[in-house]
Amino acid sequence: METARHSPAEPDVTAPAARIRKVAVLGAGVMGAQIAAHCVNAGFPVLLYDLPAQGADRSAIARKAVAGLARLNPAPLALPALAQHIEPLNYDEHLDRLHECDLVIEAIAERLDWKEQLYRLILPALGPHATLASNTSGLSLGALATSLPEDVQPRFCGVHFFNPPRYMPLVELIPGPRTAPELLDRLETFLVADLGKRVVRAKDTPNFVGNRIGVFGIMAAMIEADRHDLGYDMVDELTGKRLGRAKSGTFRTADVVGLDTLEHVMRTMQDGLPGDPFHAAFATPPVLAELLRQGALGQKAGAGFYRKAGKTILRLDPKTRDYVPADARLDEQVAAALAQRDPARRLQALRACDHPQARFVWALLRDTFHYAAVHLADIAETARDLDQAMRWGFGHAQGPFEVWQAAGWLQVARWIQDDIDQGHALAATPLPAWVFEGPVAQAGGVHTPAGSWNPTRGAFQARRALPVYATHLAPPLLVGEAAGEVGDTVHEDADLRLWTAPAPGRQDVLIASFKTKMHTISPAVTVGLLRAIDLAEARYRGLVIWQDGEPFSAGADLQAMLPAFMQGGAAAIEPMERDLQRVAQRMRNAQVPTVVALAGLALGGGCEIAVHASARMAHMETYIGLVEVGVGLVPGAGGLAYCARRAAELRAASAPEAPLLWFVQKFAQAVATAQVSRSALDAREIGYLRESDPVVPHPDALLHAALQQAGALADAGWRPPLPQAFPVAGRDGIATLTAQLVNLRDGGFISAYDYELGLAVAEVICGGDVDPGSLVDEEWMLAQERRAFLRLLGQPKTQERIAGMLKTGKPVRN
């Protein structure tokens, strides 16, 4: 029988590429260059385009932008060397290379005509399956899409990165009129899985979700500050950490962002939302207009709402327009109200208080609640998107709906409506009917375990079930979403929880999570970890240490050790010190694989636990280091033993004929200077992570990755390393490191006590007073550590450093 013949299907030129392999960024301004940097951080090569320059190097504009990444702070690149993977190009000479890219991100200035002109230029070179995305912060996607052919429009959308792109989690994904739904799903998957971003889908309205609500909040703060006659520093005191927001508050944040940038976003609302009932509140305040006229654009111009005079921070007086010393003093009654832990009592106390500071805070919250409720249906699918945008884009601990719901939904709604009726609000528009009636009122808020309120559908809507989110086993939940602890608890006390992952998953791997502040390692945590390892060996196939939120661990809990020290001195600390060493060694020698999931700070004892585990899974933003010299100590839980052994391993693997001290020096310098990695990739360079330790782009995927790694190691027949002696640098190494310390001390780079601490580090990391190349074991090294640690603990200057750290949280240089 003849086989039927089928002609090959015609390619679907409207379909986006199935996998993104290379990215192009159009526009080498500060934002475009930083988006390019974040893409190469994640391992994607980038073509960075800009206009052709005059002269021989036509790509000089883009090349200068790449070079400028090294000067930005915070650093856009996880490692400076990654800049080589950004190719600086220009449109005249290299437009044909655009077809290499699966994703093209346009990031030029916010001018509709300029963007349309650029689209016409690049369209002939755009790959047939490439996604074209605009990094617009507020322009209409519908207007931009009209300049594109019909076959390209399904592959076009908005992708708004918040600045700086490496560090700000939020990316808003905005569809155009004809954007293919599958493109949005694929692009969200890429942003989450590969770039580690948190995605909110916004509707195509001016400033989308984050800036629409966040900038309205800034404008409301300016209006209410004027109404209540509060200085800018007082407003920042009230709208910073006390309100669960970024510590910079309102006006310092505006200075950091740039007053010209703020004014641009405000103007987008002024021009693009003429029918908004709150439109009168969008007017540029006279004081802001005057600052812009003077060129006082904030931090980048040296002056804005604040100006630095030497070490003194001055604030602008809005009445005299002079800079005066900051003199914010929080009223005691207002401070007590803000310190209330119960959200309902906190809000009730603020509303009942007659002090201008309290009236300001209530008015600001009321205005934000009011605006968010009135415009929710216009700008977002669900209340979840709005609250997450404020968490991820503006650093709020809770979004406006969360704060409202936690304080008592209907009671707060009545207070808001009373203020609207009495003319105190910024608009006369009443709250939407769904606030008081139906499912939201019955549920006591917009967030429930079943989903968050979608006002367009009139129903609670569950989170998007894209496959990428299946790896997020314990994502951060909003107020009202939480349905108890994730997983099944095996043991729990005040300091530690032992549990297993929710089914289906790896219930055969035990998980340990610290419950202490900053996930410090208290004596109870130490005992709990030893119990966890014993339990994992007896009943499970592996152990994972994972924390619910950052940091991984700020190190040993000095405060918890203080009573024992006060009673018995350094000798009373020795048992605790031995237990810390035992934990590290048990992590290394356990009969089941031990895996740590690292995110945020992993300092001191946290670093020592991590380096001794069988494997590490690290988020890109992992800042790891042995920082004990900051409190006048040396690492005492096996950190220096690890450094000495690792230096010997690196020499044996790469250059066995080279002097061992070459490899020891890098670790010694890192410890003596309390060096903390600037990223997970930098931690590999220092030596605290290994090449075999994967970097996980998204922090919410860390637990899944760690569980899978532990299971895979167990499946592969995991056995702990056999005890093996290793060579140390000995007294010759100590002598060389001492000479370097002398130069630093005599040159004024370190203090006399820093020199003493450096000597202690050198003596231990080189193995003590032994011949160069002597073979030692772990016990020898741990004994060296203990002696140095306990000796230093008895020194007055070390005690000064510990006391200073406990009092201020900052290292003391003595």
# chains A, B, ... in the order shown; residues from 1 in each chain; ligands from 1
call {"tool": "residues_around", "arguments": {"residues": "Pro811 in chain A", "least_positions_apart": "4", "cutoff": "9 Å", "atoms": "only C-alpha atoms", "output": "PyMOL selection string"}}
result
chain A and resi 630-631+801-802+804-805
call {"tool": "residues_around", "arguments": {"residues": "Arg186 in chain A", "least_positions_apart": "2", "cutoff": "12 Å", "atoms": "only C-alpha atoms", "output": "list in words"}}
result
Ala15, Pro16, Ala17, Ala18, Arg19, Ile20, Asp102, Leu103, Thr131, Arg155, Cys157, Leu173, Ala180, Pro181, Glu182, Leu183, Leu184, Glu188, Thr189, Phe190, Leu191, Val192, Ala193, Asp194, Leu466, Pro467 and Val468 of chain A
call {"tool": "write_last_selection", "arguments": {"atoms": "N, CA, C and O atoms", "output": "short mmCIF file (atom, residue, chain, number, x, y, z; two decimals), in the first residue's frame"}}
result
data_model
loop_
_atom_site.label_atom_id
_atom_site.label_comp_id
_atom_site.auth_asym_id
_atom_site.auth_seq_id
_atom_site.Cartn_x
_atom_site.Cartn_y
_atom_site.Cartn_z
N ALA A 15 3.54 32.69 15.43
CA ALA A 15 3.80 31.98 16.68
C ALA A 15 5.13 32.43 17.28
O ALA A 15 6.12 32.57 16.57
N PRO A 16 5.19 32.64 18.60
CA PRO A 16 6.47 32.99 19.22
C PRO A 16 7.40 31.80 19.26
O PRO A 16 6.97 30.65 19.16
N ALA A 17 8.71 32.08 19.38
CA ALA A 17 9.69 31.01 19.49
C ALA A 17 9.41 30.16 20.72
O ALA A 17 9.04 30.67 21.77
N ALA A 18 9.58 28.84 20.57
CA ALA A 18 9.29 27.92 21.68
C ALA A 18 10.26 28.11 22.83
O ALA A 18 9.89 27.94 23.98
N ARG A 19 11.49 28.48 22.54
CA ARG A 19 12.50 28.64 23.60
C ARG A 19 13.36 29.86 23.28
O ARG A 19 13.75 30.07 22.13
N ILE A 20 13.63 30.65 24.28
CA ILE A 20 14.46 31.84 24.08
C ILE A 20 15.92 31.45 24.32
O ILE A 20 16.27 30.92 25.38
N ASP A 102 15.59 35.48 19.71
CA ASP A 102 14.23 35.00 19.92
C ASP A 102 13.37 36.00 20.68
O ASP A 102 12.15 35.95 20.62
N LEU A 103 14.02 36.88 21.42
CA LEU A 103 13.31 37.93 22.16
C LEU A 103 14.00 39.25 21.89
O LEU A 103 15.22 39.38 22.07
N THR A 131 9.77 37.27 19.54
CA THR A 131 8.85 38.10 20.32
C THR A 131 9.41 39.51 20.38
O THR A 131 10.59 39.71 20.67
N ARG A 155 2.75 38.70 18.29
CA ARG A 155 4.03 38.46 18.96
C ARG A 155 4.55 39.71 19.68
O ARG A 155 5.72 39.80 20.03
N CYS A 157 4.07 42.66 22.84
CA CYS A 157 3.45 42.97 24.13
C CYS A 157 4.35 43.95 24.87
O CYS A 157 5.43 44.31 24.41
N LEU A 173 3.63 42.53 32.74
CA LEU A 173 3.41 41.98 31.41
C LEU A 173 2.09 42.53 30.91
O LEU A 173 1.04 42.32 31.54
N ALA A 180 -1.07 37.25 21.31
CA ALA A 180 -1.49 35.86 21.46
C ALA A 180 -1.39 35.44 22.93
O ALA A 180 -0.36 35.69 23.56
N PRO A 181 -2.41 34.81 23.48
CA PRO A 181 -2.35 34.38 24.88
C PRO A 181 -1.16 33.46 25.17
O PRO A 181 -0.55 33.55 26.24
N GLU A 182 -0.82 32.60 24.19
CA GLU A 182 0.30 31.69 24.43
C GLU A 182 1.63 32.43 24.52
O GLU A 182 2.56 31.99 25.17
N LEU A 183 1.73 33.61 23.84
CA LEU A 183 2.95 34.40 23.97
C LEU A 183 3.10 34.90 25.39
O LEU A 183 4.19 34.86 25.97
N LEU A 184 2.01 35.38 25.98
CA LEU A 184 2.08 35.86 27.36
C LEU A 184 2.49 34.74 28.30
O LEU A 184 3.30 34.95 29.21
N GLU A 188 5.94 34.91 30.33
CA GLU A 188 5.90 34.84 31.79
C GLU A 188 6.76 33.69 32.29
O GLU A 188 7.49 33.84 33.28
N THR A 189 6.70 32.56 31.61
CA THR A 189 7.53 31.41 32.00
C THR A 189 9.01 31.77 31.91
O THR A 189 9.79 31.45 32.81
N PHE A 190 9.41 32.44 30.84
CA PHE A 190 10.80 32.86 30.68
C PHE A 190 11.21 33.83 31.78
O PHE A 190 12.27 33.69 32.40
N LEU A 191 10.37 34.82 32.04
CA LEU A 191 10.70 35.83 33.04
C LEU A 191 10.84 35.21 34.42
O LEU A 191 11.72 35.57 35.20
N VAL A 192 9.99 34.24 34.73
CA VAL A 192 10.00 33.62 36.05
C VAL A 192 11.11 32.58 36.15
O VAL A 192 11.96 32.63 37.05
N ALA A 193 11.12 31.63 35.22
CA ALA A 193 12.05 30.50 35.33
C ALA A 193 13.48 30.88 35.01
O ALA A 193 14.41 30.38 35.65
N ASP A 194 13.68 31.75 34.03
CA ASP A 194 15.03 32.06 33.57
C ASP A 194 15.60 33.35 34.15
O ASP A 194 16.80 33.42 34.43
N LEU A 466 0.36 28.06 35.52
CA LEU A 466 1.39 27.73 34.53
C LEU A 466 2.32 26.67 35.10
O LEU A 466 2.60 26.64 36.31
N PRO A 467 2.84 25.78 34.26
CA PRO A 467 3.73 24.73 34.76
C PRO A 467 4.92 25.25 35.55
O PRO A 467 5.38 24.59 36.49
N VAL A 468 5.42 26.45 35.21
CA VAL A 468 6.59 26.99 35.91
C VAL A 468 6.32 27.15 37.40
O VAL A 468 7.23 27.02 38.23
#
call {"tool": "atom_distance", "arguments": {"atom1": "CA of Pro325 in chain A", "atom2": "CA of Lys247 in chain A"}}
result
19.1 Å
call {"tool": "residues_around", "arguments": {"residues": "Pro796 in chain A", "least_positions_apart": "4", "cutoff": "12 Å", "atoms": "only C-alpha atoms", "output": "compact mmCIF listing (two decimals) with C-alpha atoms, in the first residue's frame"}}
result
# COMPACT_ATOMS: atom_id res chain seq x y z
CA GLY A 569 33.48 33.71 80.50
CA ALA A 570 34.99 32.20 77.38
CA VAL A 631 32.94 41.07 65.91
CA GLY A 632 36.59 40.47 66.77
CA LEU A 633 36.58 36.70 66.24
CA TYR A 753 43.39 45.16 66.22
CA ARG A 791 41.30 33.27 73.10
CA LEU A 792 39.89 36.19 71.14
CA GLU A 800 33.76 45.95 72.46
CA ARG A 801 33.04 44.79 68.93
CA ILE A 802 30.43 42.26 70.03
CA ALA A 803 28.69 44.84 72.26
CA ASN A 814 38.68 49.57 67.11
call {"tool": "closest_atom_pairs", "arguments": {"of": "range 568-673 of chain A", "to": "range 547-553 of chain A", "cutoff": "6 Å", "atoms": "only C-alpha atoms", "output": "tab-separated table"}}
result
residue	atom	partner	partner_atom	distance
A:Leu598	CA	A:Phe552	CA	5.7
A:Ala599	CA	A:Phe552	CA	5.6
A:Gly600	CA	A:Pro551	CA	4.6
A:Leu601	CA	A:Pro551	CA	4.9
A:Ala602	CA	A:Ser553	CA	4.9
A:Gly606	CA	A:Ser553	CA	4.9
call {"tool": "select_by_dssp", "arguments": {"residues": "range 39-211 of chain A", "states": "strand (DSSP E or B)", "output": "PyMOL selection string"}}
result
chain A and resi 46-50+86-90+103-106+131-134+156-161+170-175+198-202
call {"tool": "residues_around", "arguments": {"residues": "Pro45 in chain A", "least_positions_apart": "5", "cutoff": "9 Å", "atoms": "only C-alpha atoms", "output": "VMD selection string"}}
result
chain A and resid 21 to 24 36 39 to 40 85 to 87
call {"tool": "residues_around", "arguments": {"residues": "range 433-438 of chain A", "least_positions_apart": "2", "cutoff": "12 Å", "atoms": "only C-alpha atoms", "output": "ChimeraX atom specification"}}
result
/A:369-370,372-374,376-377,383,401,404-405,409-414,416-417,429-431,440-446,453-460
call {"tool": "select_by_dssp", "arguments": {"residues": "range 387-537 of chain A", "states": "alpha helix (DSSP H)", "output": "PyMOL selection string"}}
result
chain A and resi 387-394+400-406+409-421+433-436+439-443+523-537
call {"tool": "write_last_selection", "arguments": {"atoms": "N, CA and C atoms", "output": "compact mmCIF listing (two decimals), in the first residue's frame"}}
result
# COMPACT_ATOMS: atom_id res chain seq x y z
N ASP A 387 -1.89 44.08 44.75
CA ASP A 387 -1.10 43.98 45.98
C ASP A 387 0.32 43.47 45.70
N GLN A 388 0.45 42.51 44.82
CA GLN A 388 1.77 41.99 44.50
C GLN A 388 2.62 43.05 43.81
N ALA A 389 2.01 43.89 42.99
CA ALA A 389 2.76 44.96 42.33
C ALA A 389 3.37 45.91 43.35
N MET A 390 2.63 46.20 44.42
CA MET A 390 3.16 47.10 45.44
C MET A 390 4.21 46.41 46.31
N ARG A 391 4.05 45.12 46.53
CA ARG A 391 5.09 44.38 47.26
C ARG A 391 6.37 44.33 46.45
N TRP A 392 6.26 43.93 45.20
CA TRP A 392 7.44 43.63 44.39
C TRP A 392 8.03 44.83 43.68
N GLY A 393 7.23 45.85 43.44
CA GLY A 393 7.73 47.02 42.72
C GLY A 393 8.08 48.19 43.61
N PHE A 394 7.48 48.25 44.82
CA PHE A 394 7.71 49.39 45.71
C PHE A 394 8.20 48.97 47.10
N PRO A 400 -2.00 47.42 49.51
CA PRO A 400 -3.08 48.18 50.16
C PRO A 400 -4.28 47.34 50.53
N PHE A 401 -4.68 46.40 49.67
CA PHE A 401 -5.83 45.57 50.01
C PHE A 401 -5.52 44.65 51.19
N GLU A 402 -4.27 44.18 51.28
CA GLU A 402 -3.89 43.35 52.41
C GLU A 402 -3.98 44.11 53.73
N VAL A 403 -3.46 45.35 53.73
CA VAL A 403 -3.51 46.17 54.95
C VAL A 403 -4.97 46.40 55.35
N TRP A 404 -5.79 46.73 54.37
CA TRP A 404 -7.21 46.97 54.60
C TRP A 404 -7.89 45.72 55.16
N GLN A 405 -7.66 44.59 54.51
CA GLN A 405 -8.32 43.35 54.92
C GLN A 405 -7.88 42.92 56.31
N ALA A 406 -6.59 43.04 56.61
CA ALA A 406 -6.08 42.62 57.92
C ALA A 406 -6.65 43.47 59.05
N TRP A 409 -12.20 44.36 57.13
CA TRP A 409 -12.64 44.87 55.83
C TRP A 409 -13.82 45.85 55.93
N LEU A 410 -14.93 45.42 56.48
CA LEU A 410 -16.14 46.26 56.47
C LEU A 410 -15.99 47.48 57.37
N GLN A 411 -15.34 47.34 58.52
CA GLN A 411 -15.16 48.50 59.40
C GLN A 411 -14.34 49.58 58.72
N VAL A 412 -13.23 49.19 58.10
CA VAL A 412 -12.38 50.16 57.40
C VAL A 412 -13.13 50.76 56.22
N ALA A 413 -13.91 49.93 55.51
CA ALA A 413 -14.69 50.44 54.37
C ALA A 413 -15.66 51.53 54.84
N ARG A 414 -16.29 51.33 55.98
CA ARG A 414 -17.23 52.34 56.50
C ARG A 414 -16.48 53.62 56.85
N TRP A 415 -15.29 53.49 57.45
CA TRP A 415 -14.51 54.68 57.77
C TRP A 415 -14.15 55.45 56.49
N ILE A 416 -13.73 54.71 55.46
CA ILE A 416 -13.38 55.37 54.20
C ILE A 416 -14.60 56.09 53.62
N GLN A 417 -15.73 55.41 53.58
CA GLN A 417 -16.92 56.02 53.00
C GLN A 417 -17.39 57.22 53.81
N ASP A 418 -17.25 57.16 55.14
CA ASP A 418 -17.59 58.32 55.98
C ASP A 418 -16.74 59.53 55.59
N ASP A 419 -15.44 59.31 55.40
CA ASP A 419 -14.55 60.42 55.01
C ASP A 419 -14.91 60.95 53.63
N ILE A 420 -15.29 60.04 52.70
CA ILE A 420 -15.72 60.48 51.37
C ILE A 420 -16.97 61.35 51.49
N ASP A 421 -17.93 60.90 52.28
CA ASP A 421 -19.19 61.64 52.44
C ASP A 421 -18.98 63.00 53.09
N ALA A 433 -19.63 49.09 44.74
CA ALA A 433 -20.64 48.32 45.47
C ALA A 433 -20.07 47.00 45.99
N TRP A 434 -19.12 46.38 45.24
CA TRP A 434 -18.61 45.07 45.67
C TRP A 434 -17.86 45.14 46.99
N VAL A 435 -17.45 46.35 47.41
CA VAL A 435 -16.77 46.49 48.69
C VAL A 435 -17.69 46.12 49.84
N PHE A 436 -18.98 46.52 49.74
CA PHE A 436 -19.93 46.36 50.84
C PHE A 436 -20.87 45.17 50.67
N PRO A 439 -19.80 38.64 47.63
CA PRO A 439 -18.75 37.71 48.09
C PRO A 439 -17.64 38.35 48.90
N VAL A 440 -17.19 39.57 48.51
CA VAL A 440 -16.08 40.20 49.22
C VAL A 440 -16.48 40.52 50.66
N ALA A 441 -17.65 41.12 50.82
CA ALA A 441 -18.13 41.45 52.17
C ALA A 441 -18.31 40.17 53.00
N GLN A 442 -18.84 39.13 52.37
CA GLN A 442 -19.08 37.87 53.09
C GLN A 442 -17.77 37.20 53.50
N ALA A 443 -16.73 37.31 52.63
CA ALA A 443 -15.43 36.69 52.92
C ALA A 443 -14.56 37.54 53.83
N PRO A 523 21.77 28.34 70.28
CA PRO A 523 22.09 27.00 70.80
C PRO A 523 20.97 25.99 70.55
N ALA A 524 19.70 26.45 70.62
CA ALA A 524 18.58 25.54 70.35
C ALA A 524 18.55 25.11 68.89
N VAL A 525 18.90 26.01 67.97
CA VAL A 525 18.97 25.65 66.55
C VAL A 525 20.08 24.62 66.34
N THR A 526 21.21 24.82 67.01
CA THR A 526 22.32 23.88 66.90
C THR A 526 21.88 22.48 67.33
N VAL A 527 21.23 22.39 68.47
CA VAL A 527 20.74 21.09 68.94
C VAL A 527 19.71 20.53 67.97
N GLY A 528 18.84 21.39 67.46
CA GLY A 528 17.82 20.96 66.52
C GLY A 528 18.41 20.42 65.23
N LEU A 529 19.48 21.04 64.75
CA LEU A 529 20.11 20.55 63.51
C LEU A 529 20.78 19.20 63.73
N LEU A 530 21.41 19.01 64.88
CA LEU A 530 21.99 17.70 65.16
C LEU A 530 20.90 16.63 65.22
N ARG A 531 19.75 16.99 65.83
CA ARG A 531 18.63 16.06 65.86
C ARG A 531 18.12 15.79 64.44
N ALA A 532 18.07 16.84 63.60
CA ALA A 532 17.57 16.69 62.24
C ALA A 532 18.43 15.73 61.43
N ILE A 533 19.75 15.84 61.58
CA ILE A 533 20.64 14.95 60.84
C ILE A 533 20.46 13.50 61.31
N ASP A 534 20.36 13.32 62.63
CA ASP A 534 20.12 11.96 63.15
C ASP A 534 18.81 11.40 62.60
N LEU A 535 17.77 12.23 62.60
CA LEU A 535 16.46 11.79 62.12
C LEU A 535 16.49 11.48 60.63
N ALA A 536 17.17 12.33 59.86
CA ALA A 536 17.26 12.10 58.41
C ALA A 536 17.99 10.79 58.12
N GLU A 537 19.05 10.50 58.87
CA GLU A 537 19.78 9.26 58.66
C GLU A 537 18.92 8.04 59.02
call {"tool": "closest_residue", "arguments": {"among": "A:Gln784, A:Phe305, A:Leu238, A:Gly138", "to": "Leu350 in chain A", "atoms": "only C-alpha atoms"}}
result
A:Leu238
call {"tool": "closest_residue", "arguments": {"among": "A:Ala560, A:Ala326, A:Leu782, A:Leu498", "to": "Leu640 in chain A", "atoms": "only C-alpha atoms"}}
result
A:Leu782
call {"tool": "residues_around", "arguments": {"residues": "range 124-127 of chain A", "least_positions_apart": "2", "cutoff": "6 Å", "atoms": "only C-alpha atoms", "output": "CSV table (one decimal) with C-alpha atoms, in the first residue's frame"}}
result
chain,number,residue,atom,x,y,z
A,96,ASP,CA,20.8,41.9,10.0
A,98,LEU,CA,18.6,40.8,14.8
A,99,HIS,CA,17.3,37.6,13.2
A,122,ILE,CA,13.8,46.8,12.6
A,129,HIS,CA,9.2,33.7,15.4
A,130,ALA,CA,10.8,36.4,17.5
call {"tool": "residues_around", "arguments": {"residues": "range 279-293 of chain A", "least_positions_apart": "3", "cutoff": "8 Å", "atoms": "only C-alpha atoms", "output": "mmCIF file with N, CA, C and O atoms, in the first residue's frame"}}
result
data_model
loop_
_atom_site.group_PDB
_atom_site.id
_atom_site.type_symbol
_atom_site.label_atom_id
_atom_site.label_comp_id
_atom_site.auth_asym_id
_atom_site.auth_seq_id
_atom_site.Cartn_x
_atom_site.Cartn_y
_atom_site.Cartn_z
ATOM 1 N N PHE A 216 0.471 57.332 42.601
ATOM 2 C CA PHE A 216 -0.660 57.989 43.247
ATOM 3 C C PHE A 216 -0.385 58.121 44.746
ATOM 4 O O PHE A 216 -0.685 59.159 45.353
ATOM 5 N N MET A 219 1.854 61.027 45.306
ATOM 6 C CA MET A 219 1.133 62.289 45.136
ATOM 7 C C MET A 219 0.207 62.545 46.325
ATOM 8 O O MET A 219 0.101 63.671 46.821
ATOM 9 N N ALA A 220 -0.453 61.490 46.797
ATOM 10 C CA ALA A 220 -1.322 61.634 47.966
ATOM 11 C C ALA A 220 -0.507 62.041 49.188
ATOM 12 O O ALA A 220 -0.944 62.876 49.999
ATOM 13 N N MET A 222 2.223 63.789 49.235
ATOM 14 C CA MET A 222 2.579 65.210 49.100
ATOM 15 C C MET A 222 1.402 66.103 49.488
ATOM 16 O O MET A 222 1.563 67.101 50.198
ATOM 17 N N ILE A 223 0.208 65.724 49.029
ATOM 18 C CA ILE A 223 -0.981 66.518 49.340
ATOM 19 C C ILE A 223 -1.279 66.470 50.830
ATOM 20 O O ILE A 223 -1.515 67.507 51.474
ATOM 21 N N LEU A 259 13.590 63.113 40.402
ATOM 22 C CA LEU A 259 12.363 63.905 40.366
ATOM 23 C C LEU A 259 11.875 64.112 38.939
ATOM 24 O O LEU A 259 10.676 64.290 38.716
ATOM 25 N N ASP A 260 12.786 64.082 37.965
ATOM 26 C CA ASP A 260 12.356 64.174 36.572
ATOM 27 C C ASP A 260 11.600 62.913 36.153
ATOM 28 O O ASP A 260 10.589 62.992 35.442
ATOM 29 N N GLU A 263 8.205 63.086 37.779
ATOM 30 C CA GLU A 263 7.342 64.046 37.080
ATOM 31 C C GLU A 263 6.839 63.483 35.758
ATOM 32 O O GLU A 263 5.699 63.728 35.358
ATOM 33 N N MET A 266 4.005 61.183 36.579
ATOM 34 C CA MET A 266 2.856 62.004 36.965
ATOM 35 C C MET A 266 2.205 62.637 35.739
ATOM 36 O O MET A 266 0.976 62.690 35.624
ATOM 37 N N ARG A 267 3.027 63.090 34.805
ATOM 38 C CA ARG A 267 2.477 63.728 33.602
ATOM 39 C C ARG A 267 1.716 62.705 32.750
ATOM 40 O O ARG A 267 0.719 63.041 32.107
ATOM 41 N N MET A 269 -0.082 60.375 33.878
ATOM 42 C CA MET A 269 -1.396 60.294 34.499
ATOM 43 C C MET A 269 -2.201 61.559 34.229
ATOM 44 O O MET A 269 -3.410 61.506 33.973
ATOM 45 N N GLN A 270 -1.546 62.699 34.258
ATOM 46 C CA GLN A 270 -2.241 63.960 33.970
ATOM 47 C C GLN A 270 -2.809 63.967 32.558
ATOM 48 O O GLN A 270 -3.967 64.354 32.331
ATOM 49 N N LEU A 273 -5.192 60.362 31.740
ATOM 50 C CA LEU A 273 -6.371 60.016 32.536
ATOM 51 C C LEU A 273 -7.204 61.260 32.841
ATOM 52 O O LEU A 273 -7.469 61.596 34.002
ATOM 53 N N PRO A 274 -7.643 61.964 31.802
ATOM 54 C CA PRO A 274 -8.397 63.203 32.053
ATOM 55 C C PRO A 274 -9.721 62.980 32.768
ATOM 56 O O PRO A 274 -10.219 63.868 33.452
ATOM 57 N N GLY A 275 -10.299 61.796 32.619
ATOM 58 C CA GLY A 275 -11.584 61.529 33.245
ATOM 59 C C GLY A 275 -11.489 60.890 34.608
ATOM 60 O O GLY A 275 -12.521 60.553 35.222
ATOM 61 N N ASP A 276 -10.264 60.698 35.123
ATOM 62 C CA ASP A 276 -10.110 60.073 36.431
ATOM 63 C C ASP A 276 -10.717 60.985 37.503
ATOM 64 O O ASP A 276 -10.393 62.174 37.566
ATOM 65 N N ALA A 296 17.219 70.607 40.404
ATOM 66 C CA ALA A 296 17.431 69.796 41.607
ATOM 67 C C ALA A 296 16.630 68.520 41.453
ATOM 68 O O ALA A 296 15.510 68.401 41.954
ATOM 69 N N LEU A 297 17.206 67.543 40.759
ATOM 70 C CA LEU A 297 16.480 66.352 40.336
ATOM 71 C C LEU A 297 16.595 65.191 41.319
ATOM 72 O O LEU A 297 16.198 64.071 40.992
ATOM 73 N N GLY A 304 17.531 67.629 46.025
ATOM 74 C CA GLY A 304 16.128 67.430 45.662
ATOM 75 C C GLY A 304 15.304 67.816 46.865
ATOM 76 O O GLY A 304 15.397 68.950 47.340
ATOM 77 N N PRO A 318 9.534 73.483 52.727
ATOM 78 C CA PRO A 318 8.659 73.877 51.615
ATOM 79 C C PRO A 318 8.179 75.322 51.692
ATOM 80 O O PRO A 318 7.758 75.887 50.681
ATOM 81 N N LEU A 426 -9.795 62.555 48.657
ATOM 82 C CA LEU A 426 -9.282 63.279 47.490
ATOM 83 C C LEU A 426 -10.246 63.264 46.316
ATOM 84 O O LEU A 426 -9.992 63.920 45.309
#
call {"tool": "atom_distance", "arguments": {"atom1": "CA of Leu741 in chain A", "atom2": "CA of Leu603 in chain A"}}
result
23.4 Å
call {"tool": "closest_residue", "arguments": {"among": "A:Ala554, A:Leu660, A:Ala655, A:Ala254", "to": "Tyr623 in chain A", "atoms": "only C-alpha atoms"}}
result
A:Ala554
call {"tool": "closest_residue", "arguments": {"among": "A:Ala716, A:Ala465, A:Val104, A:Ala380", "to": "Ile174 in chain A", "atoms": "only C-alpha atoms"}}
result
A:Ala380
